[in-house]
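Here's input_39.cif, which has mmCIF, N, CA and C atoms:
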data_structure
loop_
_atom_site.label_atom_id
_atom_site.label_comp_id
_atom_site.auth_asym_id
_atom_site.auth_seq_id
_atom_site.Cartn_x
_atom_site.Cartn_y
_atom_site.Cartn_z
N MET A 1 -32.94 -57.80 -67.54
CA MET A 1 -31.60 -58.28 -67.34
C MET A 1 -31.28 -58.23 -65.85
N LEU A 2 -30.75 -59.34 -65.33
CA LEU A 2 -30.35 -59.42 -63.93
C LEU A 2 -28.88 -59.06 -63.77
N VAL A 3 -28.57 -58.37 -62.67
CA VAL A 3 -27.19 -58.06 -62.32
C VAL A 3 -26.94 -58.40 -60.86
N GLN A 4 -25.67 -58.53 -60.55
CA GLN A 4 -25.24 -58.76 -59.18
C GLN A 4 -24.18 -57.71 -58.87
N CYS A 5 -24.34 -57.08 -57.72
CA CYS A 5 -23.44 -56.01 -57.28
C CYS A 5 -22.90 -56.38 -55.91
N LEU A 6 -21.58 -56.38 -55.77
CA LEU A 6 -20.93 -56.61 -54.48
C LEU A 6 -20.18 -55.34 -54.14
N TYR A 7 -20.43 -54.82 -52.94
CA TYR A 7 -19.70 -53.64 -52.50
C TYR A 7 -19.27 -53.83 -51.05
N ALA A 8 -18.33 -53.02 -50.63
CA ALA A 8 -17.87 -52.97 -49.25
C ALA A 8 -18.01 -51.54 -48.76
N SER A 9 -18.22 -51.39 -47.46
CA SER A 9 -18.26 -50.06 -46.87
C SER A 9 -17.94 -50.17 -45.39
N ARG A 10 -17.79 -49.01 -44.78
CA ARG A 10 -17.58 -48.93 -43.34
C ARG A 10 -18.71 -48.10 -42.75
N LEU A 11 -19.11 -48.46 -41.54
CA LEU A 11 -20.12 -47.67 -40.85
C LEU A 11 -19.50 -46.38 -40.33
N VAL A 12 -20.24 -45.31 -40.41
CA VAL A 12 -19.78 -44.04 -39.88
C VAL A 12 -19.91 -44.04 -38.36
N SER A 13 -21.02 -44.56 -37.87
CA SER A 13 -21.33 -44.52 -36.44
C SER A 13 -20.60 -45.60 -35.67
N THR A 14 -20.32 -45.32 -34.42
CA THR A 14 -19.76 -46.34 -33.54
C THR A 14 -20.87 -47.20 -32.93
N GLN A 15 -22.11 -46.86 -33.19
CA GLN A 15 -23.26 -47.63 -32.73
C GLN A 15 -23.63 -48.66 -33.78
N ALA A 16 -22.72 -49.58 -34.06
CA ALA A 16 -22.86 -50.52 -35.18
C ALA A 16 -24.13 -51.35 -35.08
N GLU A 17 -24.43 -51.90 -33.92
CA GLU A 17 -25.57 -52.81 -33.81
C GLU A 17 -26.88 -52.14 -34.20
N GLY A 18 -27.13 -50.95 -33.71
CA GLY A 18 -28.34 -50.24 -34.06
C GLY A 18 -28.39 -49.88 -35.53
N GLN A 19 -27.26 -49.50 -36.11
CA GLN A 19 -27.20 -49.16 -37.53
C GLN A 19 -27.47 -50.38 -38.40
N ILE A 20 -26.87 -51.52 -38.03
CA ILE A 20 -27.06 -52.75 -38.79
C ILE A 20 -28.53 -53.16 -38.76
N ASP A 21 -29.14 -53.11 -37.59
CA ASP A 21 -30.56 -53.45 -37.47
C ASP A 21 -31.41 -52.53 -38.34
N SER A 22 -31.09 -51.25 -38.34
CA SER A 22 -31.83 -50.28 -39.14
C SER A 22 -31.68 -50.56 -40.63
N ILE A 23 -30.47 -50.86 -41.07
CA ILE A 23 -30.22 -51.15 -42.49
C ILE A 23 -30.93 -52.43 -42.91
N LEU A 24 -30.88 -53.46 -42.07
CA LEU A 24 -31.57 -54.71 -42.39
C LEU A 24 -33.08 -54.51 -42.46
N GLU A 25 -33.63 -53.79 -41.51
CA GLU A 25 -35.07 -53.53 -41.51
C GLU A 25 -35.49 -52.78 -42.76
N GLN A 26 -34.74 -51.75 -43.11
CA GLN A 26 -35.04 -50.96 -44.30
C GLN A 26 -34.93 -51.82 -45.56
N SER A 27 -33.90 -52.65 -45.64
CA SER A 27 -33.72 -53.53 -46.81
C SER A 27 -34.86 -54.51 -46.94
N ARG A 28 -35.23 -55.12 -45.84
CA ARG A 28 -36.29 -56.14 -45.87
C ARG A 28 -37.66 -55.53 -46.18
N ARG A 29 -37.83 -54.27 -45.86
CA ARG A 29 -39.09 -53.59 -46.15
C ARG A 29 -39.14 -53.15 -47.61
N ASN A 30 -38.03 -52.62 -48.15
CA ASN A 30 -38.04 -52.00 -49.47
C ASN A 30 -37.64 -52.92 -50.62
N ASN A 31 -36.76 -53.89 -50.36
CA ASN A 31 -36.22 -54.69 -51.45
C ASN A 31 -37.25 -55.54 -52.19
N PRO A 32 -38.23 -56.17 -51.50
CA PRO A 32 -39.20 -56.98 -52.25
C PRO A 32 -39.96 -56.18 -53.30
N ARG A 33 -40.32 -54.98 -52.97
CA ARG A 33 -41.08 -54.15 -53.91
C ARG A 33 -40.24 -53.78 -55.14
N MET A 34 -38.90 -53.71 -54.96
CA MET A 34 -38.00 -53.39 -56.07
C MET A 34 -37.51 -54.64 -56.79
N GLY A 35 -37.82 -55.83 -56.25
CA GLY A 35 -37.33 -57.06 -56.86
C GLY A 35 -35.86 -57.31 -56.58
N VAL A 36 -35.36 -56.77 -55.47
CA VAL A 36 -33.95 -56.91 -55.11
C VAL A 36 -33.81 -57.95 -54.01
N THR A 37 -32.84 -58.84 -54.16
CA THR A 37 -32.50 -59.82 -53.14
C THR A 37 -31.02 -59.65 -52.81
N GLY A 38 -30.58 -60.30 -51.73
CA GLY A 38 -29.16 -60.18 -51.42
C GLY A 38 -28.79 -60.67 -50.05
N ILE A 39 -27.59 -60.28 -49.65
CA ILE A 39 -27.02 -60.68 -48.36
C ILE A 39 -26.13 -59.55 -47.85
N LEU A 40 -26.14 -59.40 -46.53
CA LEU A 40 -25.30 -58.41 -45.86
C LEU A 40 -24.43 -59.15 -44.85
N CYS A 41 -23.12 -59.00 -44.97
CA CYS A 41 -22.17 -59.57 -44.01
C CYS A 41 -21.52 -58.40 -43.27
N PHE A 42 -21.34 -58.55 -41.97
CA PHE A 42 -20.81 -57.45 -41.19
C PHE A 42 -19.95 -57.95 -40.04
N THR A 43 -19.07 -57.09 -39.62
CA THR A 43 -18.29 -57.27 -38.41
C THR A 43 -17.79 -55.91 -37.99
N ASN A 44 -17.95 -55.61 -36.73
CA ASN A 44 -17.55 -54.29 -36.22
C ASN A 44 -18.10 -53.20 -37.11
N ASP A 45 -17.23 -52.50 -37.85
CA ASP A 45 -17.71 -51.40 -38.69
C ASP A 45 -17.64 -51.71 -40.18
N VAL A 46 -17.32 -52.96 -40.57
CA VAL A 46 -17.15 -53.32 -41.98
C VAL A 46 -18.36 -54.08 -42.49
N PHE A 47 -18.83 -53.66 -43.67
CA PHE A 47 -19.93 -54.31 -44.38
C PHE A 47 -19.42 -54.88 -45.69
N ILE A 48 -19.96 -56.02 -46.09
CA ILE A 48 -19.96 -56.41 -47.50
C ILE A 48 -21.39 -56.78 -47.81
N GLN A 49 -21.83 -56.39 -48.98
CA GLN A 49 -23.22 -56.66 -49.35
C GLN A 49 -23.29 -57.03 -50.81
N VAL A 50 -24.13 -58.03 -51.09
CA VAL A 50 -24.45 -58.41 -52.46
C VAL A 50 -25.89 -58.00 -52.71
N LEU A 51 -26.11 -57.34 -53.82
CA LEU A 51 -27.45 -56.97 -54.27
C LEU A 51 -27.68 -57.65 -55.61
N GLU A 52 -28.87 -58.24 -55.79
CA GLU A 52 -29.23 -58.87 -57.05
C GLU A 52 -30.59 -58.35 -57.49
N GLY A 53 -30.74 -58.20 -58.79
CA GLY A 53 -32.03 -57.76 -59.32
C GLY A 53 -31.85 -57.15 -60.69
N GLY A 54 -32.86 -56.41 -61.10
CA GLY A 54 -32.78 -55.72 -62.38
C GLY A 54 -31.68 -54.67 -62.36
N ARG A 55 -31.08 -54.44 -63.53
CA ARG A 55 -29.95 -53.51 -63.61
C ARG A 55 -30.31 -52.12 -63.08
N ASP A 56 -31.42 -51.58 -63.49
CA ASP A 56 -31.79 -50.24 -63.04
C ASP A 56 -32.01 -50.18 -61.54
N GLU A 57 -32.73 -51.17 -61.01
CA GLU A 57 -33.05 -51.17 -59.58
C GLU A 57 -31.79 -51.33 -58.73
N VAL A 58 -30.91 -52.25 -59.11
CA VAL A 58 -29.68 -52.46 -58.35
C VAL A 58 -28.77 -51.23 -58.45
N SER A 59 -28.66 -50.66 -59.63
CA SER A 59 -27.81 -49.47 -59.80
C SER A 59 -28.33 -48.30 -58.99
N GLU A 60 -29.65 -48.09 -59.01
CA GLU A 60 -30.23 -46.99 -58.24
C GLU A 60 -30.04 -47.22 -56.74
N LEU A 61 -30.22 -48.46 -56.28
CA LEU A 61 -30.03 -48.75 -54.87
C LEU A 61 -28.57 -48.54 -54.47
N TYR A 62 -27.63 -49.02 -55.28
CA TYR A 62 -26.22 -48.82 -54.98
C TYR A 62 -25.89 -47.33 -54.89
N ASN A 63 -26.42 -46.54 -55.81
CA ASN A 63 -26.17 -45.09 -55.77
C ASN A 63 -26.73 -44.45 -54.51
N ARG A 64 -27.89 -44.93 -54.03
CA ARG A 64 -28.44 -44.41 -52.77
C ARG A 64 -27.53 -44.79 -51.60
N ILE A 65 -26.98 -46.00 -51.63
CA ILE A 65 -26.09 -46.45 -50.56
C ILE A 65 -24.83 -45.58 -50.53
N VAL A 66 -24.28 -45.28 -51.70
CA VAL A 66 -23.09 -44.43 -51.77
C VAL A 66 -23.36 -43.08 -51.11
N GLY A 67 -24.57 -42.55 -51.28
CA GLY A 67 -24.93 -41.27 -50.68
C GLY A 67 -25.47 -41.36 -49.26
N ASP A 68 -25.64 -42.56 -48.73
CA ASP A 68 -26.19 -42.75 -47.39
C ASP A 68 -25.17 -42.33 -46.34
N GLU A 69 -25.55 -41.44 -45.46
CA GLU A 69 -24.61 -40.91 -44.47
C GLU A 69 -24.20 -41.93 -43.41
N ARG A 70 -24.85 -43.09 -43.38
CA ARG A 70 -24.44 -44.14 -42.44
C ARG A 70 -23.20 -44.90 -42.94
N HIS A 71 -22.88 -44.78 -44.24
CA HIS A 71 -21.76 -45.49 -44.85
C HIS A 71 -20.63 -44.52 -45.20
N ARG A 72 -19.40 -45.04 -45.14
CA ARG A 72 -18.25 -44.31 -45.67
C ARG A 72 -17.35 -45.32 -46.38
N ASP A 73 -16.43 -44.85 -47.16
CA ASP A 73 -15.49 -45.72 -47.89
C ASP A 73 -16.21 -46.78 -48.70
N VAL A 74 -17.29 -46.42 -49.37
CA VAL A 74 -18.04 -47.38 -50.18
C VAL A 74 -17.21 -47.72 -51.42
N ARG A 75 -16.97 -49.02 -51.62
CA ARG A 75 -16.15 -49.49 -52.73
C ARG A 75 -16.90 -50.57 -53.51
N LEU A 76 -17.02 -50.38 -54.80
CA LEU A 76 -17.62 -51.37 -55.68
C LEU A 76 -16.58 -52.46 -55.93
N LEU A 77 -16.91 -53.70 -55.60
CA LEU A 77 -15.96 -54.81 -55.75
C LEU A 77 -16.26 -55.66 -56.98
N VAL A 78 -17.55 -55.92 -57.25
CA VAL A 78 -17.96 -56.71 -58.41
C VAL A 78 -19.31 -56.17 -58.87
N TYR A 79 -19.45 -56.01 -60.18
CA TYR A 79 -20.73 -55.67 -60.79
C TYR A 79 -20.79 -56.43 -62.10
N GLU A 80 -21.76 -57.33 -62.23
CA GLU A 80 -21.81 -58.15 -63.44
C GLU A 80 -23.22 -58.61 -63.74
N GLU A 81 -23.45 -58.92 -65.01
CA GLU A 81 -24.70 -59.53 -65.43
C GLU A 81 -24.70 -60.97 -64.96
N ILE A 82 -25.87 -61.46 -64.55
CA ILE A 82 -26.01 -62.85 -64.12
C ILE A 82 -27.19 -63.48 -64.83
N SER A 83 -27.13 -64.80 -64.97
CA SER A 83 -28.24 -65.51 -65.62
C SER A 83 -29.30 -65.92 -64.62
N GLU A 84 -28.89 -66.05 -63.34
CA GLU A 84 -29.85 -66.41 -62.29
C GLU A 84 -29.36 -65.86 -60.96
N ARG A 85 -30.30 -65.67 -60.05
CA ARG A 85 -29.96 -65.17 -58.72
C ARG A 85 -29.35 -66.27 -57.87
N ARG A 86 -28.41 -65.90 -57.06
CA ARG A 86 -27.82 -66.83 -56.09
C ARG A 86 -28.53 -66.69 -54.74
N PHE A 87 -29.13 -65.53 -54.47
CA PHE A 87 -29.75 -65.24 -53.18
C PHE A 87 -31.24 -64.98 -53.32
N SER A 88 -31.91 -65.74 -54.16
CA SER A 88 -33.31 -65.47 -54.46
C SER A 88 -34.25 -65.68 -53.28
N ASN A 89 -33.84 -66.42 -52.27
CA ASN A 89 -34.70 -66.66 -51.11
C ASN A 89 -34.53 -65.63 -49.99
N TRP A 90 -33.71 -64.64 -50.20
CA TRP A 90 -33.44 -63.66 -49.15
C TRP A 90 -33.83 -62.27 -49.61
N THR A 91 -34.75 -61.62 -48.88
CA THR A 91 -34.97 -60.20 -49.13
C THR A 91 -33.72 -59.45 -48.68
N MET A 92 -33.09 -59.94 -47.61
CA MET A 92 -31.76 -59.50 -47.22
C MET A 92 -31.26 -60.43 -46.12
N GLY A 93 -30.53 -61.46 -46.53
CA GLY A 93 -29.92 -62.38 -45.57
C GLY A 93 -28.81 -61.67 -44.82
N GLN A 94 -28.39 -62.24 -43.71
CA GLN A 94 -27.33 -61.60 -42.94
C GLN A 94 -26.38 -62.62 -42.35
N VAL A 95 -25.14 -62.20 -42.19
CA VAL A 95 -24.11 -63.01 -41.56
C VAL A 95 -23.33 -62.11 -40.63
N ASP A 96 -23.24 -62.50 -39.36
CA ASP A 96 -22.38 -61.82 -38.41
C ASP A 96 -21.03 -62.53 -38.49
N ILE A 97 -20.05 -61.91 -39.12
CA ILE A 97 -18.76 -62.54 -39.38
C ILE A 97 -18.05 -62.92 -38.08
N SER A 98 -18.35 -62.25 -36.99
CA SER A 98 -17.70 -62.59 -35.72
C SER A 98 -18.06 -64.00 -35.26
N LYS A 99 -19.12 -64.57 -35.84
CA LYS A 99 -19.55 -65.92 -35.47
C LYS A 99 -19.08 -66.99 -36.47
N VAL A 100 -18.28 -66.59 -37.45
CA VAL A 100 -17.79 -67.49 -38.49
C VAL A 100 -16.42 -68.02 -38.09
N ASN A 101 -16.13 -69.26 -38.43
CA ASN A 101 -14.83 -69.86 -38.17
C ASN A 101 -13.73 -69.00 -38.80
N PRO A 102 -12.75 -68.54 -38.01
CA PRO A 102 -11.69 -67.69 -38.54
C PRO A 102 -10.91 -68.35 -39.69
N GLY A 103 -10.85 -69.68 -39.70
CA GLY A 103 -10.16 -70.38 -40.78
C GLY A 103 -10.80 -70.13 -42.14
N LEU A 104 -12.11 -69.95 -42.16
CA LEU A 104 -12.80 -69.65 -43.41
C LEU A 104 -12.39 -68.27 -43.92
N LEU A 105 -12.27 -67.30 -43.03
CA LEU A 105 -11.83 -65.97 -43.43
C LEU A 105 -10.39 -66.01 -43.94
N LEU A 106 -9.55 -66.77 -43.27
CA LEU A 106 -8.14 -66.88 -43.64
C LEU A 106 -7.98 -67.52 -45.02
N LYS A 107 -8.92 -68.36 -45.39
CA LYS A 107 -8.89 -69.01 -46.71
C LYS A 107 -8.91 -67.99 -47.84
N TYR A 108 -9.55 -66.84 -47.62
CA TYR A 108 -9.75 -65.86 -48.68
C TYR A 108 -9.01 -64.54 -48.49
N SER A 109 -8.26 -64.39 -47.40
CA SER A 109 -7.55 -63.12 -47.19
C SER A 109 -6.26 -63.33 -46.41
N LYS A 110 -5.50 -62.25 -46.26
CA LYS A 110 -4.20 -62.32 -45.60
C LYS A 110 -4.31 -62.65 -44.12
N LYS A 111 -5.38 -62.21 -43.49
CA LYS A 111 -5.58 -62.43 -42.06
C LYS A 111 -6.98 -62.99 -41.83
N ALA A 112 -7.22 -63.53 -40.66
CA ALA A 112 -8.51 -64.14 -40.34
C ALA A 112 -9.52 -63.08 -39.90
N THR A 113 -9.61 -62.03 -40.70
CA THR A 113 -10.57 -60.96 -40.44
C THR A 113 -11.28 -60.61 -41.76
N LEU A 114 -12.42 -59.99 -41.64
CA LEU A 114 -13.13 -59.53 -42.82
C LEU A 114 -12.52 -58.19 -43.24
N ASP A 115 -11.78 -58.20 -44.34
CA ASP A 115 -11.18 -56.97 -44.86
C ASP A 115 -11.28 -56.95 -46.38
N PRO A 116 -12.47 -56.63 -46.88
CA PRO A 116 -12.66 -56.62 -48.33
C PRO A 116 -11.89 -55.50 -49.03
N PHE A 117 -11.33 -54.59 -48.26
CA PHE A 117 -10.59 -53.48 -48.83
C PHE A 117 -9.17 -53.89 -49.24
N SER A 118 -8.73 -55.07 -48.77
CA SER A 118 -7.37 -55.50 -49.11
C SER A 118 -7.33 -56.83 -49.86
N CYS A 119 -8.48 -57.31 -50.32
CA CYS A 119 -8.46 -58.52 -51.14
C CYS A 119 -9.34 -58.28 -52.37
N SER A 120 -9.30 -59.20 -53.29
CA SER A 120 -10.03 -59.02 -54.54
C SER A 120 -11.54 -59.18 -54.34
N GLY A 121 -12.28 -58.59 -55.25
CA GLY A 121 -13.73 -58.76 -55.24
C GLY A 121 -14.11 -60.21 -55.45
N ARG A 122 -13.37 -60.92 -56.28
CA ARG A 122 -13.64 -62.34 -56.53
C ARG A 122 -13.44 -63.16 -55.27
N ALA A 123 -12.38 -62.87 -54.50
CA ALA A 123 -12.15 -63.60 -53.24
C ALA A 123 -13.29 -63.33 -52.26
N THR A 124 -13.73 -62.09 -52.20
CA THR A 124 -14.83 -61.74 -51.31
C THR A 124 -16.11 -62.45 -51.74
N MET A 125 -16.37 -62.50 -53.04
CA MET A 125 -17.55 -63.20 -53.53
C MET A 125 -17.45 -64.70 -53.25
N SER A 126 -16.26 -65.28 -53.36
CA SER A 126 -16.08 -66.70 -53.04
C SER A 126 -16.37 -66.97 -51.56
N LEU A 127 -15.95 -66.06 -50.70
CA LEU A 127 -16.25 -66.17 -49.27
C LEU A 127 -17.76 -66.18 -49.06
N ILE A 128 -18.46 -65.27 -49.70
CA ILE A 128 -19.92 -65.19 -49.56
C ILE A 128 -20.58 -66.48 -50.05
N HIS A 129 -20.13 -67.01 -51.16
CA HIS A 129 -20.70 -68.25 -51.67
C HIS A 129 -20.46 -69.40 -50.70
N GLU A 130 -19.28 -69.43 -50.08
CA GLU A 130 -19.02 -70.48 -49.11
C GLU A 130 -19.89 -70.30 -47.86
N LEU A 131 -20.13 -69.08 -47.46
CA LEU A 131 -21.03 -68.83 -46.34
C LEU A 131 -22.44 -69.32 -46.67
N LEU A 132 -22.87 -69.09 -47.90
CA LEU A 132 -24.18 -69.57 -48.34
C LEU A 132 -24.22 -71.10 -48.30
N ASP A 133 -23.19 -71.73 -48.83
CA ASP A 133 -23.16 -73.20 -48.88
C ASP A 133 -23.07 -73.82 -47.50
N SER A 134 -22.48 -73.10 -46.53
CA SER A 134 -22.33 -73.64 -45.18
C SER A 134 -23.49 -73.29 -44.27
N ALA A 135 -24.51 -72.66 -44.81
CA ALA A 135 -25.71 -72.29 -44.04
C ALA A 135 -25.42 -71.27 -42.95
N ALA A 136 -24.42 -70.42 -43.15
CA ALA A 136 -24.11 -69.37 -42.17
C ALA A 136 -25.02 -68.16 -42.32
N ILE A 137 -25.79 -68.12 -43.39
CA ILE A 137 -26.66 -66.98 -43.65
C ILE A 137 -27.99 -67.17 -42.93
N VAL A 138 -28.42 -66.15 -42.21
CA VAL A 138 -29.70 -66.18 -41.53
C VAL A 138 -30.58 -65.07 -42.08
N GLY A 139 -31.84 -65.10 -41.68
CA GLY A 139 -32.75 -64.04 -42.10
C GLY A 139 -33.47 -64.36 -43.40
N ARG A 140 -33.58 -65.64 -43.73
CA ARG A 140 -34.29 -66.03 -44.95
C ARG A 140 -35.68 -65.40 -44.99
N ASN A 141 -36.00 -64.82 -46.13
CA ASN A 141 -37.29 -64.17 -46.36
C ASN A 141 -37.60 -63.10 -45.32
N GLY A 142 -36.53 -62.50 -44.80
CA GLY A 142 -36.63 -61.36 -43.91
C GLY A 142 -37.55 -61.54 -42.77
#
Kindly return the structure encoded in the file as structure tokens.
Amino acid sequence: MLVQCLYASRLVSTQAEGQIDSILEQSRRNNPRMGVTGILCFTNDVFIQVLEGGRDEVSELYNRIVGDERHRDVRLLVYEEISERRFSNWTMGQVDISKVNPGLLLKYSKKATLDPFSCSGRATMSLIHELLDSAAIVGRNG
């Protein structure tokens, strides 16, 4: 059974760039062996991430992320069974939200900033799908 998990978190460190690179490298190294695909969107200290794969693998990975000392304020936004993957070509795609048109962010939230903590999980997932459709995601096949 396939599931999709969307969560938001904040980076603990003020060294965001190095932490993001480390998280992406670790994801791209470990996710293929677990059968997990997904996307990571970030800006400043805010993350949103979608994980797709088998229920056990995604749940175990999410639980490790919750315990990861690089993250704080980890919030589960969407967790659901899916019939097919939306991000099957990405071991871990990435989007730097600072490079996205602010109007796209405003479409899904109160302000033209990435703030998944103040909007619905569905709105955040819609934003991610639009980023996918607009080719804003980089890092295909890690």
Query - Which of segment 6-59 of chain A DSSP labels helix (DSSP H, G or I), written as a ChimeraX atom specification - result: /A:16-34,55-59
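When all atoms listed in the file are used to compute distances to Arg10 of chain A, the closest of the residues A:Met34, A:Arg70, A:Phe42, A:Gly54 turns out to be A:Arg70.
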Query raised in the report: So which one's closest to His71 of chain A, A:Met1, A:Leu40, A:Leu11, A:Leu105? Using only N, CA and C atoms, please.
Result: A:Leu11
Query - Chain and number of each residue from the PyMOL selection byres (((chain A and resi 129 and name CA) around 12) and name CA), as an NGL selection string - result: :A and (6 or 38-39 or 41 or 50 or 86-87 or 95 or 104 or 108 or 122-128 or 130-137)
**Report entry** Computed interatomic separation between atom C of Ile23 of chain A and atom N of Ser109 of chain A (Å)
**Finding:** 26.0 Å
May I have the residues within 8 Å of Arg72 of chain A as a PDB file with N, CA and C atoms, keeping the file's coordinate frame, using all atoms listed in the file and disregarding those fewer than 3 positions away in the same chain?
ATOM      1  N   ALA A   8     -18.330 -53.020 -50.630  1.00  0.00           N
ATOM      2  CA  ALA A   8     -17.870 -52.970 -49.250  1.00  0.00           C
ATOM      3  C   ALA A   8     -18.010 -51.540 -48.760  1.00  0.00           C
ATOM      4  N   SER A   9     -18.220 -51.390 -47.460  1.00  0.00           N
ATOM      5  CA  SER A   9     -18.260 -50.060 -46.870  1.00  0.00           C
ATOM      6  C   SER A   9     -17.940 -50.170 -45.390  1.00  0.00           C
ATOM      7  N   ARG A  10     -17.790 -49.010 -44.780  1.00  0.00           N
ATOM      8  CA  ARG A  10     -17.580 -48.930 -43.340  1.00  0.00           C
ATOM      9  C   ARG A  10     -18.710 -48.100 -42.750  1.00  0.00           C
ATOM     10  N   LEU A  11     -19.110 -48.460 -41.540  1.00  0.00           N
ATOM     11  CA  LEU A  11     -20.120 -47.670 -40.850  1.00  0.00           C
ATOM     12  C   LEU A  11     -19.500 -46.380 -40.330  1.00  0.00           C
ATOM     13  N   VAL A  12     -20.240 -45.310 -40.410  1.00  0.00           N
ATOM     14  CA  VAL A  12     -19.780 -44.040 -39.880  1.00  0.00           C
ATOM     15  C   VAL A  12     -19.910 -44.040 -38.360  1.00  0.00           C
ATOM     16  N   SER A  13     -21.020 -44.560 -37.870  1.00  0.00           N
ATOM     17  CA  SER A  13     -21.330 -44.520 -36.440  1.00  0.00           C
ATOM     18  C   SER A  13     -20.600 -45.600 -35.670  1.00  0.00           C
ATOM     19  N   ILE A  65     -26.980 -46.000 -51.630  1.00  0.00           N
ATOM     20  CA  ILE A  65     -26.090 -46.450 -50.560  1.00  0.00           C
ATOM     21  C   ILE A  65     -24.830 -45.580 -50.530  1.00  0.00           C
ATOM     22  N   VAL A  66     -24.280 -45.280 -51.700  1.00  0.00           N
ATOM     23  CA  VAL A  66     -23.090 -44.430 -51.770  1.00  0.00           C
ATOM     24  C   VAL A  66     -23.360 -43.080 -51.110  1.00  0.00           C
ATOM     25  N   ASP A  68     -25.640 -42.560 -48.730  1.00  0.00           N
ATOM     26  CA  ASP A  68     -26.190 -42.750 -47.390  1.00  0.00           C
ATOM     27  C   ASP A  68     -25.170 -42.330 -46.340  1.00  0.00           C
ATOM     28  N   GLU A  69     -25.550 -41.440 -45.460  1.00  0.00           N
ATOM     29  CA  GLU A  69     -24.610 -40.910 -44.470  1.00  0.00           C
ATOM     30  C   GLU A  69     -24.200 -41.930 -43.410  1.00  0.00           C
ATOM     31  N   ARG A  75     -16.970 -49.020 -51.620  1.00  0.00           N
ATOM     32  CA  ARG A  75     -16.150 -49.490 -52.730  1.00  0.00           C
ATOM     33  C   ARG A  75     -16.900 -50.570 -53.510  1.00  0.00           C
TER      34      ARG A  75
END
Report task. Rank A:Ser27, A:Ser59, A:Cys5, A:Cys119 by their smallest atom-to-atom distance to Glu81 of chain A, using only N, CA and C atoms, and report the top residue only. Result -> A:Cys5
Report task. Among the residues of segment 6-140 of chain A, find those DSSP assigns to strand (DSSP E or B) from the backbone and print them as a VMD selection string. Result -> chain A and resid 6 to 11 37 to 43 46 to 54 71 to 82 93 to 96 138
**Report entry** Nearest residue to Gln49 of chain A from the set A:Ser118, A:Gly103, A:Ser22, A:Gln4 (distances using only C-alpha atoms)
**Finding:**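 Closest candidate: A:Gln4.
With all atoms listed in the file as the atoms that count, the minimum distance from Val78 of chain A to the choices A:Asn30, A:Ser120, A:Asn63, A:Asn101 is reached by A:Ser120.
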Query raised in the report: Any idea what the distance is between atom CA of Ile48 of chain A and atom CA of Arg29 of chain A?
Result: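 Here the two named atoms are 19.4 Å from each other.
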Report task. Quote the spacing between atom CA of Arg28 of chain A and atom CA of Thr43 of chain A in Å to one decimal place. Result ->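 Distance between the two atoms: 19.5 Å.
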Kindly write N, CA and C atoms of segment 32-44 of chain A from the structure just given to a file, as a CSV table (one decimal), in the first residue's frame.
chain,number,residue,atom,x,y,z
A,32,PRO,N,16.1,5.9,-2.1
A,32,PRO,CA,15.9,4.8,-3.1
A,32,PRO,C,15.9,3.4,-2.5
A,33,ARG,N,16.8,3.2,-1.6
A,33,ARG,CA,16.8,1.8,-1.0
A,33,ARG,C,15.5,1.5,-0.2
A,34,MET,N,14.9,2.5,0.3
A,34,MET,CA,13.6,2.3,1.1
A,34,MET,C,12.4,2.4,0.2
A,35,GLY,N,12.6,2.8,-1.1
A,35,GLY,CA,11.5,3.0,-2.0
A,35,GLY,C,10.7,4.2,-1.8
A,36,VAL,N,11.3,5.2,-1.2
A,36,VAL,CA,10.7,6.5,-0.9
A,36,VAL,C,11.0,7.6,-1.9
A,37,THR,N,10.0,8.3,-2.4
A,37,THR,CA,10.2,9.4,-3.3
A,37,THR,C,9.6,10.7,-2.6
A,38,GLY,N,9.9,11.8,-3.2
A,38,GLY,CA,9.3,13.0,-2.6
A,38,GLY,C,9.9,14.3,-3.1
A,39,ILE,N,9.6,15.4,-2.4
A,39,ILE,CA,10.0,16.7,-2.7
A,39,ILE,C,10.2,17.5,-1.4
A,40,LEU,N,11.2,18.4,-1.4
A,40,LEU,CA,11.5,19.2,-0.2
A,40,LEU,C,11.4,20.7,-0.7
A,41,CYS,N,10.6,21.5,-0.1
A,41,CYS,CA,10.5,22.9,-0.4
A,41,CYS,C,11.0,23.6,0.8
A,42,PHE,N,11.8,24.7,0.6
A,42,PHE,CA,12.3,25.4,1.8
A,42,PHE,C,12.5,26.9,1.5
A,43,THR,N,12.5,27.6,2.5
A,43,THR,CA,12.8,29.1,2.5
A,43,THR,C,13.3,29.4,3.9
A,44,ASN,N,14.4,30.1,4.0
A,44,ASN,CA,14.9,30.5,5.3
A,44,ASN,C,14.9,29.3,6.2
